[in-house]
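Shown here: entry-v7.cif, mmCIF, C-alpha atoms.
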```cif
data_final
loop_
_atom_site.label_atom_id
_atom_site.label_comp_id
_atom_site.auth_asym_id
_atom_site.auth_seq_id
_atom_site.Cartn_x
_atom_site.Cartn_y
_atom_site.Cartn_z
CA MET I 1 59.74 6.96 -59.47
CA LYS I 2 56.50 8.87 -59.67
CA LEU I 3 54.66 5.68 -60.65
CA ILE I 4 56.15 3.83 -57.70
CA GLY I 5 55.07 6.66 -55.33
CA TRP I 6 51.51 6.62 -56.68
CA ALA I 7 51.36 2.82 -56.26
CA ILE I 8 52.46 3.03 -52.62
CA ALA I 9 49.89 5.79 -51.90
CA LEU I 10 47.05 3.77 -53.45
CA ALA I 11 48.03 0.66 -51.47
CA ALA I 12 48.05 2.63 -48.21
CA ALA I 13 44.65 4.16 -49.02
CA GLY I 14 43.21 0.72 -49.69
CA LEU I 15 44.45 -0.70 -46.38
CA THR I 16 43.34 2.25 -44.23
CA PRO I 17 39.52 1.55 -44.26
CA ALA I 18 40.03 -2.07 -43.23
CA ALA I 19 42.23 -1.08 -40.31
CA ALA I 20 39.84 1.68 -39.25
CA GLN I 21 36.76 -0.54 -39.46
CA ALA I 22 38.17 -3.28 -37.24
CA PRO I 23 37.95 -1.36 -33.90
CA GLN I 24 34.58 0.13 -34.86
CA ALA I 25 33.13 -3.33 -35.42
CA ALA I 26 34.40 -4.51 -32.06
CA THR I 27 33.19 -1.47 -30.13
CA PRO I 28 29.39 -2.11 -30.36
CA ALA I 29 29.91 -5.70 -29.22
CA ALA I 30 31.85 -4.53 -26.18
CA GLU I 31 29.27 -1.87 -25.37
CA THR I 32 26.46 -4.43 -25.71
CA ALA I 33 28.26 -6.81 -23.39
CA GLN I 34 28.67 -4.07 -20.80
CA ALA I 35 25.06 -2.83 -21.07
CA ALA I 36 23.46 -6.28 -20.95
CA PRO I 37 23.63 -6.81 -17.16
CA ALA I 38 22.08 -3.40 -16.46
CA ALA I 39 18.99 -4.03 -18.61
CA VAL I 40 15.89 -4.94 -16.57
CA ASP I 41 12.83 -6.48 -18.18
CA HIS I 42 9.85 -6.04 -15.88
CA SER I 43 7.74 -8.25 -18.13
CA VAL I 44 9.59 -11.41 -17.07
CA HIS I 45 7.85 -13.15 -14.17
CA ALA I 46 9.90 -16.06 -12.86
CA MET I 47 7.92 -19.05 -11.66
CA PRO I 48 8.17 -19.26 -7.85
CA ALA I 49 9.46 -22.47 -6.35
CA GLN I 50 6.16 -22.96 -4.49
CA VAL I 51 2.90 -21.07 -4.90
CA THR I 52 0.40 -21.28 -2.05
CA PRO I 53 -3.05 -21.80 -3.57
CA PRO I 54 -5.89 -19.67 -2.18
CA THR I 55 -8.76 -21.16 -0.22
CA PRO I 56 -11.94 -21.24 -2.35
CA GLY I 57 -14.45 -18.68 -1.13
CA ILE I 58 -12.00 -16.96 1.25
CA GLY I 59 -10.33 -13.69 0.34
CA MET I 60 -11.84 -13.54 -3.14
CA PRO I 61 -15.17 -12.74 -4.82
CA VAL I 62 -17.66 -15.58 -4.43
CA GLY I 63 -20.30 -14.31 -6.86
CA GLY I 64 -23.04 -13.95 -4.25
CA LYS I 65 -24.52 -11.21 -2.14
CA GLY I 66 -23.12 -9.89 1.08
CA ILE I 67 -19.68 -9.07 2.44
CA GLN I 68 -16.64 -11.29 2.12
CA GLU I 69 -15.68 -13.24 5.22
CA GLN I 70 -13.60 -10.88 7.34
CA VAL I 71 -10.26 -12.02 8.75
CA SER I 72 -9.27 -8.91 10.74
CA SER I 73 -10.66 -7.58 14.01
CA ILE I 74 -11.78 -4.32 12.39
CA GLY I 75 -13.41 -6.25 9.55
CA ARG I 76 -15.34 -8.50 11.92
CA GLU I 77 -16.56 -5.51 13.94
CA ALA I 78 -17.65 -3.65 10.80
CA ALA I 79 -19.34 -6.70 9.29
CA GLY I 80 -21.17 -7.37 12.55
CA PHE I 81 -22.34 -3.75 12.68
CA HIS I 82 -23.62 -4.02 9.11
CA ASN I 83 -25.25 -7.45 9.30
CA ASN I 84 -26.58 -7.47 12.87
CA TRP I 85 -27.62 -3.85 13.28
CA LEU I 86 -27.93 -1.79 10.10
CA LEU I 87 -29.73 -4.41 8.03
CA TRP I 88 -32.24 -5.16 10.80
CA LEU I 89 -32.79 -1.45 11.41
CA CYS I 90 -33.39 -0.86 7.70
CA ALA I 91 -35.82 -3.78 7.59
CA ILE I 92 -37.79 -2.48 10.60
CA ILE I 93 -38.00 1.07 9.23
CA SER I 94 -39.15 -0.25 5.84
CA MET I 95 -41.85 -2.43 7.44
CA VAL I 96 -43.13 0.46 9.61
CA VAL I 97 -43.26 2.87 6.66
CA LEU I 98 -44.95 0.27 4.47
CA GLY I 99 -47.51 -0.45 7.21
CA LEU I 100 -48.34 3.23 7.66
CA LEU I 101 -48.69 3.66 3.91
CA GLY I 102 -51.04 0.66 3.68
CA PHE I 103 -53.11 1.89 6.65
CA ALA I 104 -53.49 5.34 5.06
CA MET I 105 -54.52 3.83 1.72
CA VAL I 106 -57.22 1.65 3.33
CA ARG I 107 -58.44 3.88 6.15
CA PHE I 108 -58.64 7.12 4.19
CA ARG I 109 -59.74 5.88 0.78
CA ARG I 110 -62.55 7.73 -0.97
CA GLY I 111 -65.12 4.93 -0.56
CA ALA I 112 -64.73 4.70 3.23
CA HIS I 113 -64.02 8.36 3.86
CA PRO I 114 -65.81 10.48 1.24
CA VAL I 115 -65.38 13.72 3.20
CA PRO I 116 -61.68 14.13 4.02
CA SER I 117 -60.73 15.46 7.42
CA ARG I 118 -58.98 18.81 7.59
CA ASN I 119 -56.32 18.95 10.29
CA SER I 120 -53.83 21.81 10.17
CA HIS I 121 -51.99 21.01 13.38
CA ASN I 122 -51.32 17.88 15.48
CA THR I 123 -48.80 18.27 18.28
CA VAL I 124 -48.41 14.59 19.07
CA LEU I 125 -47.83 13.64 15.45
CA GLU I 126 -45.23 16.35 14.90
CA VAL I 127 -43.33 15.37 18.05
CA VAL I 128 -43.30 11.72 17.01
CA TRP I 129 -42.08 12.25 13.44
CA THR I 130 -39.34 14.58 14.75
CA LEU I 131 -38.17 12.51 17.73
CA VAL I 132 -38.15 9.08 16.09
CA PRO I 133 -35.63 9.98 13.29
CA VAL I 134 -33.36 11.61 15.89
CA LEU I 135 -33.35 8.43 17.99
CA ILE I 136 -32.62 6.35 14.90
CA LEU I 137 -29.63 8.53 13.98
CA VAL I 138 -28.28 8.31 17.54
CA ALA I 139 -28.62 4.53 17.45
CA ILE I 140 -26.56 4.47 14.23
CA ALA I 141 -24.02 7.08 15.34
CA ILE I 142 -22.85 5.38 18.56
CA PRO I 143 -21.55 2.14 16.97
CA SER I 144 -20.32 4.07 13.90
CA ILE I 145 -18.13 6.39 16.00
CA ARG I 146 -16.85 3.41 17.99
CA LEU I 147 -15.87 1.65 14.76
CA LEU I 148 -14.11 4.76 13.43
CA ARG I 149 -12.21 5.13 16.69
CA HIS I 150 -10.96 1.55 16.49
CA GLN I 151 -10.10 1.89 12.82
CA TYR I 152 -8.13 5.13 13.10
CA SER I 153 -6.49 4.53 16.50
CA PRO I 154 -4.08 1.76 15.57
CA PRO I 155 -2.00 -0.11 18.15
CA LYS I 156 1.78 -0.17 17.97
CA ALA I 157 2.83 -1.70 14.66
CA ASP I 158 4.99 -4.83 14.44
CA LEU I 159 5.61 -4.29 10.71
CA THR I 160 5.40 -1.30 8.37
CA VAL I 161 4.76 -1.70 4.64
CA LYS I 162 4.83 1.25 2.27
CA VAL I 163 2.40 0.78 -0.62
CA ILE I 164 3.05 2.86 -3.76
CA GLY I 165 0.61 2.98 -6.67
CA ASN I 166 1.97 3.25 -10.21
CA GLN I 167 0.43 3.18 -13.68
CA TRP I 168 -0.31 0.29 -13.60
CA PHE I 169 1.30 -1.85 -10.91
CA TRP I 170 2.07 -1.76 -7.19
CA THR I 171 5.36 -1.27 -5.36
CA TYR I 172 5.78 -2.64 -1.84
CA GLU I 173 8.55 -1.44 0.49
CA TYR I 174 9.21 -3.22 3.78
CA THR I 175 10.98 -0.31 5.44
CA ASP I 176 12.08 -2.24 8.55
CA ASP I 177 13.32 -5.31 6.69
CA GLY I 178 15.04 -3.87 3.61
CA VAL I 179 12.77 -5.53 1.03
CA THR I 180 11.33 -3.76 -2.04
CA PHE I 181 9.62 -5.24 -5.10
CA ASP I 182 6.99 -4.55 -7.78
CA SER I 183 3.80 -6.53 -8.27
CA TYR I 184 2.21 -7.01 -11.71
CA MET I 185 -0.93 -8.82 -12.81
CA LEU I 186 -0.44 -12.27 -14.31
CA LYS I 187 -1.91 -12.65 -17.78
CA GLU I 188 -3.86 -15.64 -19.06
CA ALA I 189 -2.16 -18.31 -21.14
CA SER I 190 -4.55 -17.48 -24.00
CA ASP I 191 -3.85 -13.74 -23.84
CA LYS I 192 -2.50 -12.63 -27.22
CA ASN I 193 -0.67 -9.73 -25.56
CA ARG I 194 1.34 -12.04 -23.30
CA LYS I 195 4.98 -12.16 -24.29
CA PRO I 196 6.76 -15.52 -24.62
CA ASN I 197 8.94 -14.77 -21.60
CA GLU I 198 5.97 -13.87 -19.34
CA ARG I 199 4.66 -16.47 -16.93
CA ALA I 200 0.98 -17.24 -17.40
CA ARG I 201 -1.51 -17.45 -14.54
CA THR I 202 -2.22 -20.82 -12.98
CA VAL I 203 -5.03 -21.97 -10.71
CA ALA I 204 -2.65 -21.84 -7.73
CA ASP I 205 -1.98 -18.14 -8.39
CA GLY I 206 -5.60 -17.12 -7.90
CA PRO I 207 -8.64 -15.99 -9.91
CA PRO I 208 -8.27 -14.28 -13.30
CA MET I 209 -7.34 -10.58 -13.16
CA LEU I 210 -6.59 -10.91 -9.43
CA ALA I 211 -3.44 -13.05 -9.48
CA ALA I 212 -0.11 -11.24 -9.20
CA ASP I 213 3.42 -12.36 -9.97
CA GLU I 214 4.65 -11.07 -6.58
CA ARG I 215 2.44 -11.26 -3.51
CA MET I 216 2.64 -9.01 -0.50
CA VAL I 217 3.59 -11.32 2.37
CA LEU I 218 2.49 -10.54 5.95
CA PRO I 219 3.08 -12.37 9.25
CA ALA I 220 0.01 -13.81 10.93
CA GLY I 221 -1.01 -12.39 14.28
CA LYS I 222 1.07 -9.22 13.88
CA VAL I 223 -0.09 -5.60 13.65
CA VAL I 224 0.78 -4.31 10.17
CA LYS I 225 0.75 -0.61 9.31
CA PHE I 226 0.33 0.43 5.68
CA ILE I 227 1.76 3.75 4.48
CA ILE I 228 0.00 4.42 1.18
CA THR I 229 0.94 6.90 -1.55
CA SER I 230 1.25 7.20 -5.33
CA ASN I 231 3.92 8.05 -7.88
CA ASP I 232 1.65 9.45 -10.60
CA VAL I 233 -2.15 9.67 -10.31
CA ILE I 234 -4.75 8.82 -7.66
CA HIS I 235 -5.02 5.09 -7.00
CA ALA I 236 -6.80 3.27 -4.16
CA PHE I 237 -5.63 0.39 -1.97
CA TRP I 238 -8.39 -2.08 -1.11
CA VAL I 239 -8.40 -5.63 0.29
CA PRO I 240 -12.06 -6.50 1.00
CA ALA I 241 -11.29 -9.31 3.48
CA PHE I 242 -9.29 -6.84 5.64
CA TRP I 243 -12.00 -4.13 5.57
CA ASN I 244 -9.56 -1.42 4.57
CA LYS I 245 -9.79 0.94 1.66
CA ILE I 246 -8.10 4.30 1.18
CA ASP I 247 -6.87 6.47 -1.67
CA ALA I 248 -3.23 6.57 -2.73
CA ASN I 249 -2.63 10.23 -3.51
CA PRO I 250 0.59 11.58 -5.05
CA GLY I 251 2.53 13.69 -2.58
CA GLN I 252 0.43 12.51 0.36
CA LEU I 253 0.85 9.68 2.89
CA ASN I 254 -2.27 7.87 4.08
CA GLU I 255 -2.30 5.21 6.77
CA LEU I 256 -4.18 1.98 7.43
CA TRP I 257 -3.57 -0.98 9.71
CA THR I 258 -4.64 -4.58 9.99
CA LYS I 259 -4.04 -7.69 12.04
CA VAL I 260 -4.81 -11.03 10.41
CA ASP I 261 -4.66 -14.18 12.51
CA ARG I 262 -5.67 -16.61 9.78
CA PRO I 263 -2.95 -17.60 7.26
CA GLY I 264 -4.10 -17.62 3.66
CA VAL I 265 -4.20 -15.70 0.40
CA TYR I 266 -6.38 -12.60 0.02
CA PHE I 267 -7.05 -10.48 -3.05
CA GLY I 268 -7.96 -6.87 -3.71
CA GLN I 269 -7.85 -4.24 -6.45
CA CYS I 270 -7.26 -0.60 -7.18
CA THR I 271 -10.63 1.12 -6.85
CA GLU I 272 -9.90 4.52 -8.39
CA LEU I 273 -10.15 5.29 -12.10
CA CYS I 274 -6.40 5.67 -12.61
CA GLY I 275 -6.14 5.29 -16.38
CA ALA I 276 -6.50 2.90 -19.28
CA ARG I 277 -5.27 -0.17 -17.36
CA HIS I 278 -7.05 0.61 -14.11
CA ALA I 279 -8.67 -2.83 -14.10
CA PHE I 280 -5.29 -4.57 -14.26
CA MET I 281 -3.88 -3.55 -10.85
CA PRO I 282 -4.65 -6.49 -8.55
CA ILE I 283 -3.49 -6.78 -4.94
CA ALA I 284 -2.46 -10.24 -3.77
CA VAL I 285 -1.63 -10.68 -0.07
CA GLU I 286 -0.35 -13.89 1.49
CA VAL I 287 -0.48 -14.20 5.28
CA VAL I 288 1.98 -16.75 6.66
CA PRO I 289 3.27 -17.83 10.10
CA PRO I 290 6.01 -15.57 11.53
CA ALA I 291 8.76 -18.16 10.99
CA ARG I 292 7.87 -18.49 7.33
CA PHE I 293 7.71 -14.70 7.00
CA ALA I 294 11.27 -14.42 8.35
CA ALA I 295 12.42 -17.02 5.80
CA TRP I 296 10.70 -15.07 3.02
CA VAL I 297 12.41 -11.84 4.08
CA ALA I 298 15.78 -13.64 3.99
CA SER I 299 15.01 -15.03 0.51
CA LYS I 300 14.40 -11.45 -0.68
CA GLY I 301 17.78 -10.31 0.57
CA GLY I 302 16.41 -8.53 3.64
CA ALA I 303 16.83 -9.11 7.35
CA MET I 304 14.46 -9.06 10.29
CA PRO I 305 15.12 -6.14 12.67
CA GLY I 306 16.22 -8.45 15.50
CA ALA I 307 18.44 -10.54 13.20
CA ARG I 308 20.69 -7.69 12.10
CA PRO I 309 24.23 -7.80 13.49
CA ALA I 310 24.96 -5.53 16.40
CA ALA I 311 27.06 -2.44 15.77
CA THR I 312 30.74 -2.72 16.56
CA ALA I 313 32.16 -1.00 19.59
CA ASP I 314 34.10 1.54 17.55
CA SER I 315 31.25 2.49 15.20
CA THR I 316 29.91 6.01 15.20
CA GLY I 317 26.35 4.83 15.78
CA ALA I 318 27.26 2.87 18.90
CA SER I 319 29.85 5.20 20.45
CA PRO I 320 28.82 8.20 22.55
CA VAL I 321 30.04 11.57 21.39
CA SER I 322 31.52 12.45 24.78
CA ASP I 323 34.61 11.09 26.44
CA ALA I 324 32.73 10.20 29.61
CA ALA I 325 32.14 6.59 28.52
CA VAL I 326 35.79 5.98 27.57
CA PRO I 327 37.71 4.13 30.32
CA ALA I 328 40.09 6.32 32.23
CA ALA I 329 43.06 4.09 31.38
CA ALA I 330 42.35 4.51 27.64
CA GLN I 331 42.20 8.29 27.79
CA PRO I 332 45.42 10.20 27.07
CA GLN I 333 46.94 11.95 30.06
CA LYS I 334 46.29 15.67 29.72
CA ALA I 335 47.97 18.41 31.70
CA ASN I 336 45.87 21.01 33.41
CA PRO I 337 45.63 23.79 30.80
CA SER I 338 45.03 26.48 33.38
CA ALA I 339 48.16 25.51 35.30
CA ALA I 340 50.45 25.12 32.28
CA ASP I 341 49.25 28.05 30.26
CA PRO I 342 46.84 30.66 31.64
CA ALA I 343 45.94 31.70 28.09
CA ALA I 344 45.00 28.18 27.00
CA VAL I 345 41.38 27.72 25.83
CA GLN I 346 39.48 24.82 27.38
CA GLN I 347 37.92 22.55 24.70
CA PRO I 348 34.23 21.67 24.85
CA ALA I 349 33.28 18.32 26.29
CA THR I 350 31.38 17.01 23.23
CA ASN I 351 31.62 17.08 19.46
CA GLN I 352 28.20 18.65 19.24
CA ALA I 353 29.28 21.61 21.38
CA ALA I 354 32.39 22.03 19.26
CA THR I 355 30.28 22.13 16.12
CA ALA I 356 27.96 24.71 17.63
CA GLN I 357 30.89 26.79 18.74
CA ASN I 358 32.41 26.78 15.27
#
```
Go through the file and emit its structure as structure tokens.
Amino acid sequence: MKLIGWAIALAAAGLTPAAAQAPQAATPAAETAQAAPAAVDHSVHAMPAQVTPPTPGIGMPVGGKGIQEQVSSIGREAAGFHNNWLLWLCAIISMVVLGLLGFAMVRFRRGAHPVPSRNSHNTVLEVVWTLVPVLILVAIAIPSIRLLRHQYSPPKADLTVKVIGNQWFWTYEYTDDGVTFDSYMLKEASDKNRKPNERARTVADGPPMLAADERMVLPAGKVVKFIITSNDVIHAFWVPAFWNKIDANPGQLNELWTKVDRPGVYFGQCTELCGARHAFMPIAVEVVPPARFAAWVASKGGAMPGARPAATADSTGASPVSDAAVPAAAQPQKANPSAADPAAVQQPATNQAATAQN
């Protein structure tokens, strides 16, 4: 009997590990299946259905001297001030100074003027070299202040985009339309660091190190306000063709605006030393007609402010807090509290007053 008992105990001990291991083997598979949908791989850049190619020489570096062609009203005013006023003023001042220096070298050289003149005071000369620089500064200050006033007195915005700098990518939030996405630089096909599931840059995406997997899309002819900040360190938002550049500081909101009438693709970069991959934070902006912008917002799961459904009649946001707007027939018939019960307390007319009273 003892032998039979030992045999049964050994058989049970041998079967127990197999039975215990079966649920443990199934558990990781179930957990993996549940965790798989929640995993997000930011390195995967899906190929868009249609990529609008940029216009050569517009909105991108051209390799020459001068300022990029400006496509905003502020940019055109600033470029005109630089090209048509400052450059000519600098050229005139340089020519006058060079002429005076050449005259002094020839007129007062040792061979023609062996005994130098000794003048300790010249009223006319001192007035001239004091008054002329003041007039030059005034001539520069008037258009400069006018440009600053136009740049920092924006009109009413048709669209607001919040721009957030991260190490090392950009986040764009369309606060009025319910659209948010991240924008990463597209790597070259020959880049050894590019993962197999990452989309490589094409010619239609833009120049190297400026093309992004997700472009900021703006409607043409609309006033766009940028709210700019950062999640980590100091970045800078800069699109040269728009003539706007400002720092993105953590914990601080800076503001810029633009209005672009010309559809196209425009590129910029982060211009603050924000870390090891500072050079890999491009800004790609695509300006499209308003109808195409509305379609893009819908494709991103958002909705234009005017296209959102109206609130229902019984919603809290649409209903007034007082009973004044409720039809008299719909209101319950109430007895006069003062006539029925002299000690009755009259209720406040609104919910807000009741809250304050409590």
With all atoms listed in the file as the atoms that count, which of I:Val132, I:Ala220, I:Val163, I:Ala157 lies nearest to Asn249 in chain I?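 With all atoms listed in the file as the atom set, the closest residue is I:Val163.
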Please provide as a ChimeraX atom specification all residues within 6 Å of Ala211 in chain I, with the sequence filter that same-chain residues fewer than 5 positions apart are discarded (counting only C-alpha atoms). /I:185-186,205-206
Surrounding residues of Arg76 in chain I excluding itself and chain neighbours under 5 positions, 10 Å, all atoms listed in the file, as a count of residues only: 8
On this file, the PyMOL selection byres ((chain I and resi 209) around 8) gives some set of residues; write that set as a PyMOL selection string. chain I and resi 185-187+207-208+210-211+279-280+282
So that I have them on file, write out the residues from the current selection with C-alpha atoms, as a PDB file, keeping the file's coordinate frame.
```pdb
ATOM      1  CA  MET I 185      -0.930  -8.820 -12.810  1.00  0.00           C
ATOM      2  CA  LEU I 186      -0.440 -12.270 -14.310  1.00  0.00           C
ATOM      3  CA  LYS I 187      -1.910 -12.650 -17.780  1.00  0.00           C
ATOM      4  CA  PRO I 207      -8.640 -15.990  -9.910  1.00  0.00           C
ATOM      5  CA  PRO I 208      -8.270 -14.280 -13.300  1.00  0.00           C
ATOM      6  CA  LEU I 210      -6.590 -10.910  -9.430  1.00  0.00           C
ATOM      7  CA  ALA I 211      -3.440 -13.050  -9.480  1.00  0.00           C
ATOM      8  CA  ALA I 279      -8.670  -2.830 -14.100  1.00  0.00           C
ATOM      9  CA  PHE I 280      -5.290  -4.570 -14.260  1.00  0.00           C
ATOM     10  CA  PRO I 282      -4.650  -6.490  -8.550  1.00  0.00           C
TER      11      PRO I 282
END
```
Pick from I:Gly75, I:Gly301, I:Gly64, I:Gly102 nearest to Leu148 in chain I, counting only C-alpha atoms: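 Selected residue with least distance to Leu148 in chain I: I:Gly75.
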With distances taken over only C-alpha atoms, which of I:Leu89, I:Val260, I:Ala294, I:Met216 is nearest to Trp170 in chain I? I:Met216
By how many Å are CA of Ser183 in chain I and CA of Asn166 in chain I apart?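 So the two atoms, CA of Ser183 in chain I and CA of Asn166 in chain I, lie 10.1 Å apart.
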What gap, in Å, lies between CA of Trp257 in chain I and CA of Val288 in chain I?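 CA of Trp257 in chain I sits 17.0 Å away from CA of Val288 in chain I.
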Given the choices I:Leu159, I:Ile92, I:Leu131, I:Val51, which gets closest to Gly221 in chain I if the distance is worked out from only C-alpha atoms?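 Residue with the minimum atom-to-atom distance to Gly221 in chain I: I:Leu159.
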